[in-house]
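Notes to accompany the following structure.
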Amino acid sequence: MDLKAVRAFVAIADSGQFQLAAVDLGLTQQAVSKRIAVLEKDLGVRLLVRTPRGAELTIDGQALLPHARVLLQAEERAAAAVRRADRALRVDVVGRRTAVGGLVQDFHRAHPGTALDVVTLFDADTAMAAVRDGAVDATFRAVTMPGHRLPDGVTAVPVLDEPLHLCVGPEHAFARAPWVTPAQLAGHRIWMPGNVPGTEWHAYYEAFAAQFGPAVDTVGPNFGLEALLDTVAGSPTVATVLSERTPHVWPVGHDLRLVPLRDPVPVYPHFLLRRTDNRHPGLTALQDHLTATRPLPPQGETWRPAWARHPSAGAASPRA
């Protein structure tokens, strides 16, 4: 059923005149008459009759009217579900308990009136394809993995250079160090059971290990952050890498230490990826908020893989 013709029918029923309906619809009276003729032909019944007072519904017209209203309401609901200006802002984060998950929570606190739909897509390829195709409005990723490039029409906005820390238990050799250089990690075991090959974070720590020499160990099932911290707390040799911005609750009695890494400071670069032609008002507000609240980069020399740099990210250390 032609919804344009249905809309013309409802407009005539509400106004009682073809002429007034034409004005309401921004059409000529002739165009409205043609739409009604098409609708009546499709249904095989007469819906309206012209009278000296205007237009009146036939019995069939009266039977159709409530269903016609439902059709138009359904059309509006369907459009609203995907219309960028009306639907919730869809944002992808790798994990809700990550630094970028915290960035989205901060935005929500600052803009409680913006409806949010937060999803967790696992890998960068899927996330960037979702942005490109409009399935999500934005994603947070490290730009870009080796051999990857941004899809056409997608831009990357730097939002956070996350300084990394060494997380150790009380018996670890670095437990009482005020800070540690990445070079001092050579030969030490860094356990990261969630470091899955093919992801951007795996590529990041692979480059980190190649540059500074730690043994990044991904062996073993990933039982989550709590289980990882349990193991680190009880081992004199096992460490992992975390950030002060990682939302977590330290287990009571573990006496875990976050030891700063410096000279250089390894930073994990987070970018907001979005389509340049996406005009969702919530996306504009999100980008403006992230730009205005972007933390200052850490002092001193920083390190990131060469592939994780971006021209708009500011002056990062060329070391890699």
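In the structure tokens, the first chain shown is A, the next is B, and so on; residue numbers restart at 1 for each chain, and ligands run from 1 in the order shown.
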
Neighbouring residues of Arg132 in chain A were defined as those with any atom within 7 Å, considering only C-alpha atoms; residues of the same chain fewer than 5 positions away were excluded. Please report them as a PyMOL selection string. chain A and resi 151+154+275

Can you tell me, as a count of residues only, which residues in range 42-199 of chain A count as strand (DSSP E) by DSSP? 37

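Using only C-alpha atoms for every distance, the candidate list A:Thr98, A:Pro158, A:Tyr204, A:Pro260 yields A:Pro260 as the residue closest to Ala177 in chain A.
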
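CA of His280 in chain A is found 7.9 Å from CA of Asp137 in chain A.
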
I'd like to know which residues of range 182-264 of chain A are helix (DSSP H, G or I) (by DSSP, run on the backbone); could you write them as number ranges by chain? A: 182-185, 200-212, 225-233

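The environment of range 38-53 of chain A within 12 Å, counting only C-alpha atoms and disregarding residues fewer than 6 places along the same chain, consists of Met1, Asp2, Leu3, Lys4, Ala5, Val6, Arg7, Ala8, Phe9, Val10, Ile12, Ala13, Ser15, Gly16, Gln17, Phe18, Gln19, Ala31, Val32, Ile59, Asp60, Gly61, Gln62, Ala63, Leu64, Leu65 and Ala68 of chain A.
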
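Taking CA of Thr199 in chain A and CA of Asp125 in chain A as the two end points, the separation is 8.9 Å.
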
Between CA of Leu72 in chain A and CA of Gln30 in chain A, what distance in Å does the model show, to one decimal? 22.1 Å

Got a sec: who's within 10 Å of Leu272 in chain A, counting only C-alpha atoms, leaving out chain neighbours fewer than 3 positions off, as a ChimeraX atom specification? /A:91-93,100,138-143,155-160,286-287,290

Store the residues picked out above, limited to N, CA and C atoms, as a short mmCIF file (atom, residue, chain, number, x, y, z; two decimals), in the first residue's frame.
data_model
loop_
_atom_site.label_atom_id
_atom_site.label_comp_id
_atom_site.auth_asym_id
_atom_site.auth_seq_id
_atom_site.Cartn_x
_atom_site.Cartn_y
_atom_site.Cartn_z
N VAL A 91 27.56 3.79 20.43
CA VAL A 91 29.00 3.91 20.61
C VAL A 91 29.57 2.53 20.95
N ASP A 92 30.64 2.17 20.27
CA ASP A 92 31.32 0.90 20.55
C ASP A 92 32.54 1.12 21.41
N VAL A 93 32.68 0.31 22.45
CA VAL A 93 33.90 0.28 23.26
C VAL A 93 34.38 -1.16 23.33
N VAL A 100 38.36 3.64 27.91
CA VAL A 100 37.39 4.29 27.02
C VAL A 100 35.96 4.10 27.52
N ALA A 138 30.13 5.56 16.37
CA ALA A 138 31.54 5.78 16.69
C ALA A 138 32.10 4.56 17.38
N THR A 139 33.42 4.42 17.30
CA THR A 139 34.12 3.38 18.05
C THR A 139 35.42 3.97 18.56
N PHE A 140 35.96 3.38 19.62
CA PHE A 140 37.25 3.79 20.17
C PHE A 140 38.27 2.71 19.83
N ARG A 141 39.31 3.09 19.10
CA ARG A 141 40.32 2.12 18.69
C ARG A 141 41.70 2.76 18.67
N ALA A 142 42.73 1.91 18.66
CA ALA A 142 44.08 2.38 18.40
C ALA A 142 44.27 2.40 16.89
N VAL A 143 44.77 3.48 16.35
CA VAL A 143 44.87 3.63 14.90
C VAL A 143 46.33 3.49 14.49
N THR A 155 37.05 9.08 9.85
CA THR A 155 38.15 9.87 10.39
C THR A 155 38.46 9.43 11.82
N ALA A 156 39.68 9.69 12.27
CA ALA A 156 40.13 9.32 13.61
C ALA A 156 40.49 10.57 14.39
N VAL A 157 39.89 10.74 15.54
CA VAL A 157 40.13 11.91 16.39
C VAL A 157 40.83 11.44 17.66
N PRO A 158 42.04 11.92 17.97
CA PRO A 158 42.73 11.48 19.19
C PRO A 158 41.99 11.96 20.44
N VAL A 159 41.78 11.06 21.41
CA VAL A 159 41.05 11.43 22.62
C VAL A 159 41.80 11.09 23.90
N LEU A 160 42.75 10.15 23.85
CA LEU A 160 43.45 9.78 25.08
C LEU A 160 44.73 9.04 24.75
N LEU A 286 29.53 14.37 21.76
CA LEU A 286 30.54 13.46 22.29
C LEU A 286 31.94 13.90 21.87
N GLN A 287 32.12 14.21 20.59
CA GLN A 287 33.44 14.62 20.13
C GLN A 287 33.86 15.93 20.79
N LEU A 290 34.93 15.13 24.39
CA LEU A 290 36.21 14.44 24.47
C LEU A 290 37.37 15.38 24.14
#

Nearest to Ala292 in chain A by atom-to-atom distance, counting only C-alpha atoms, from A:Ala110, A:Gly54, A:Ala88, A:Val241: A:Ala110

Rank A:Gly234, A:Gly134, A:Thr120, A:Val70 by their smallest atom-to-atom distance to Thr276 in chain A, using only C-alpha atoms, and report the top residue only.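 Result for the nearest residue to Thr276 in chain A: A:Gly134.
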
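With only C-alpha atoms as the atoms that count, the minimum distance from Arg176 in chain A to the choices A:Ala79, A:Leu258, A:Ala127, A:Leu89 is reached by A:Leu258.
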
Mind checking which residues fall within 10 Å of Phe212 in chain A, counting only C-alpha atoms, ignoring those fewer than 2 positions away in the same chain, and posting them as a VMD selection string? chain A and resid 181 to 187 207 to 210 214 to 215 320

Keeping only all heavy atoms, take the residues you just selected and write them out as a PDB file, in the first residue's frame.
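Done, and the output landed in result-v5.pdb:
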ATOM      1  N   THR A 181      61.922   1.668  34.030  1.00  0.00           N
ATOM      2  CA  THR A 181      62.000   1.944  32.597  1.00  0.00           C
ATOM      3  C   THR A 181      61.542   0.705  31.822  1.00  0.00           C
ATOM      4  O   THR A 181      61.723  -0.430  32.293  1.00  0.00           O
ATOM      5  CB  THR A 181      63.426   2.297  32.164  1.00  0.00           C
ATOM      6  OG1 THR A 181      64.255   1.135  32.285  1.00  0.00           O
ATOM      7  CG2 THR A 181      63.985   3.439  33.003  1.00  0.00           C
ATOM      8  N   PRO A 182      60.977   0.881  30.640  1.00  0.00           N
ATOM      9  CA  PRO A 182      60.597  -0.292  29.846  1.00  0.00           C
ATOM     10  C   PRO A 182      61.778  -1.215  29.565  1.00  0.00           C
ATOM     11  O   PRO A 182      61.613  -2.437  29.515  1.00  0.00           O
ATOM     12  CB  PRO A 182      60.051   0.331  28.553  1.00  0.00           C
ATOM     13  CG  PRO A 182      59.529   1.665  28.977  1.00  0.00           C
ATOM     14  CD  PRO A 182      60.492   2.135  30.018  1.00  0.00           C
ATOM     15  N   ALA A 183      62.991  -0.635  29.412  1.00  0.00           N
ATOM     16  CA  ALA A 183      64.161  -1.473  29.136  1.00  0.00           C
ATOM     17  C   ALA A 183      64.464  -2.417  30.299  1.00  0.00           C
ATOM     18  O   ALA A 183      65.006  -3.511  30.098  1.00  0.00           O
ATOM     19  CB  ALA A 183      65.377  -0.593  28.841  1.00  0.00           C
ATOM     20  N   GLN A 184      64.106  -2.012  31.536  1.00  0.00           N
ATOM     21  CA  GLN A 184      64.350  -2.880  32.694  1.00  0.00           C
ATOM     22  C   GLN A 184      63.435  -4.104  32.702  1.00  0.00           C
ATOM     23  O   GLN A 184      63.672  -5.045  33.460  1.00  0.00           O
ATOM     24  CB  GLN A 184      64.137  -2.090  33.994  1.00  0.00           C
ATOM     25  CG  GLN A 184      65.221  -1.076  34.291  1.00  0.00           C
ATOM     26  CD  GLN A 184      64.920  -0.292  35.557  1.00  0.00           C
ATOM     27  OE1 GLN A 184      64.194   0.707  35.530  1.00  0.00           O
ATOM     28  NE2 GLN A 184      65.459  -0.752  36.679  1.00  0.00           N
ATOM     29  N   LEU A 185      62.407  -4.094  31.869  1.00  0.00           N
ATOM     30  CA  LEU A 185      61.487  -5.229  31.814  1.00  0.00           C
ATOM     31  C   LEU A 185      62.025  -6.374  30.956  1.00  0.00           C
ATOM     32  O   LEU A 185      61.398  -7.439  30.895  1.00  0.00           O
ATOM     33  CB  LEU A 185      60.129  -4.787  31.253  1.00  0.00           C
ATOM     34  CG  LEU A 185      59.394  -3.702  32.042  1.00  0.00           C
ATOM     35  CD1 LEU A 185      58.062  -3.382  31.368  1.00  0.00           C
ATOM     36  CD2 LEU A 185      59.163  -4.145  33.481  1.00  0.00           C
ATOM     37  N   ALA A 186      63.147  -6.178  30.290  1.00  0.00           N
ATOM     38  CA  ALA A 186      63.699  -7.218  29.420  1.00  0.00           C
ATOM     39  C   ALA A 186      63.873  -8.520  30.195  1.00  0.00           C
ATOM     40  O   ALA A 186      64.493  -8.547  31.267  1.00  0.00           O
ATOM     41  CB  ALA A 186      65.038  -6.752  28.834  1.00  0.00           C
ATOM     42  N   GLY A 187      63.312  -9.587  29.651  1.00  0.00           N
ATOM     43  CA  GLY A 187      63.403 -10.898  30.279  1.00  0.00           C
ATOM     44  C   GLY A 187      62.356 -11.170  31.337  1.00  0.00           C
ATOM     45  O   GLY A 187      62.184 -12.321  31.764  1.00  0.00           O
ATOM     46  N   ALA A 207      54.650  -5.188  19.531  1.00  0.00           N
ATOM     47  CA  ALA A 207      55.653  -4.170  19.220  1.00  0.00           C
ATOM     48  C   ALA A 207      56.398  -3.743  20.485  1.00  0.00           C
ATOM     49  O   ALA A 207      57.617  -3.498  20.448  1.00  0.00           O
ATOM     50  CB  ALA A 207      54.974  -2.964  18.565  1.00  0.00           C
ATOM     51  N   PHE A 208      55.692  -3.664  21.603  1.00  0.00           N
ATOM     52  CA  PHE A 208      56.315  -3.294  22.880  1.00  0.00           C
ATOM     53  C   PHE A 208      57.377  -4.325  23.272  1.00  0.00           C
ATOM     54  O   PHE A 208      58.489  -3.968  23.697  1.00  0.00           O
ATOM     55  CB  PHE A 208      55.225  -3.198  23.948  1.00  0.00           C
ATOM     56  CG  PHE A 208      55.723  -2.805  25.313  1.00  0.00           C
ATOM     57  CD1 PHE A 208      56.063  -1.490  25.602  1.00  0.00           C
ATOM     58  CD2 PHE A 208      55.836  -3.757  26.320  1.00  0.00           C
ATOM     59  CE1 PHE A 208      56.524  -1.127  26.863  1.00  0.00           C
ATOM     60  CE2 PHE A 208      56.295  -3.411  27.586  1.00  0.00           C
ATOM     61  CZ  PHE A 208      56.635  -2.087  27.864  1.00  0.00           C
ATOM     62  N   ALA A 209      57.035  -5.611  23.133  1.00  0.00           N
ATOM     63  CA  ALA A 209      57.983  -6.672  23.482  1.00  0.00           C
ATOM     64  C   ALA A 209      59.190  -6.654  22.550  1.00  0.00           C
ATOM     65  O   ALA A 209      60.332  -6.859  22.981  1.00  0.00           O
ATOM     66  CB  ALA A 209      57.289  -8.026  23.427  1.00  0.00           C
ATOM     67  N   ALA A 210      58.950  -6.400  21.263  1.00  0.00           N
ATOM     68  CA  ALA A 210      60.054  -6.358  20.312  1.00  0.00           C
ATOM     69  C   ALA A 210      60.997  -5.193  20.604  1.00  0.00           C
ATOM     70  O   ALA A 210      62.209  -5.299  20.415  1.00  0.00           O
ATOM     71  CB  ALA A 210      59.506  -6.254  18.887  1.00  0.00           C
ATOM     72  N   PRO A 214      60.520  -7.522  27.114  1.00  0.00           N
ATOM     73  CA  PRO A 214      59.827  -8.368  28.085  1.00  0.00           C
ATOM     74  C   PRO A 214      59.212  -9.580  27.401  1.00  0.00           C
ATOM     75  O   PRO A 214      58.980  -9.570  26.185  1.00  0.00           O
ATOM     76  CB  PRO A 214      58.737  -7.440  28.647  1.00  0.00           C
ATOM     77  CG  PRO A 214      58.435  -6.504  27.530  1.00  0.00           C
ATOM     78  CD  PRO A 214      59.772  -6.272  26.852  1.00  0.00           C
ATOM     79  N   ALA A 215      58.984 -10.615  28.179  1.00  0.00           N
ATOM     80  CA  ALA A 215      58.337 -11.813  27.654  1.00  0.00           C
ATOM     81  C   ALA A 215      56.830 -11.676  27.877  1.00  0.00           C
ATOM     82  O   ALA A 215      56.333 -11.914  28.982  1.00  0.00           O
ATOM     83  CB  ALA A 215      58.881 -13.054  28.357  1.00  0.00           C
ATOM     84  N   ALA A 320      60.400   4.183  18.334  1.00  0.00           N
ATOM     85  CA  ALA A 320      59.560   3.009  18.155  1.00  0.00           C
ATOM     86  C   ALA A 320      60.435   1.764  17.999  1.00  0.00           C
ATOM     87  O   ALA A 320      61.614   1.867  17.747  1.00  0.00           O
ATOM     88  CB  ALA A 320      58.653   3.170  16.943  1.00  0.00           C
TER      89      ALA A 320
END

Find, counting only C-alpha atoms, the residue in A:Leu116, A:Ala239, A:Leu164, A:Val180 that gets nearest to Asp263 in chain A. A:Val180
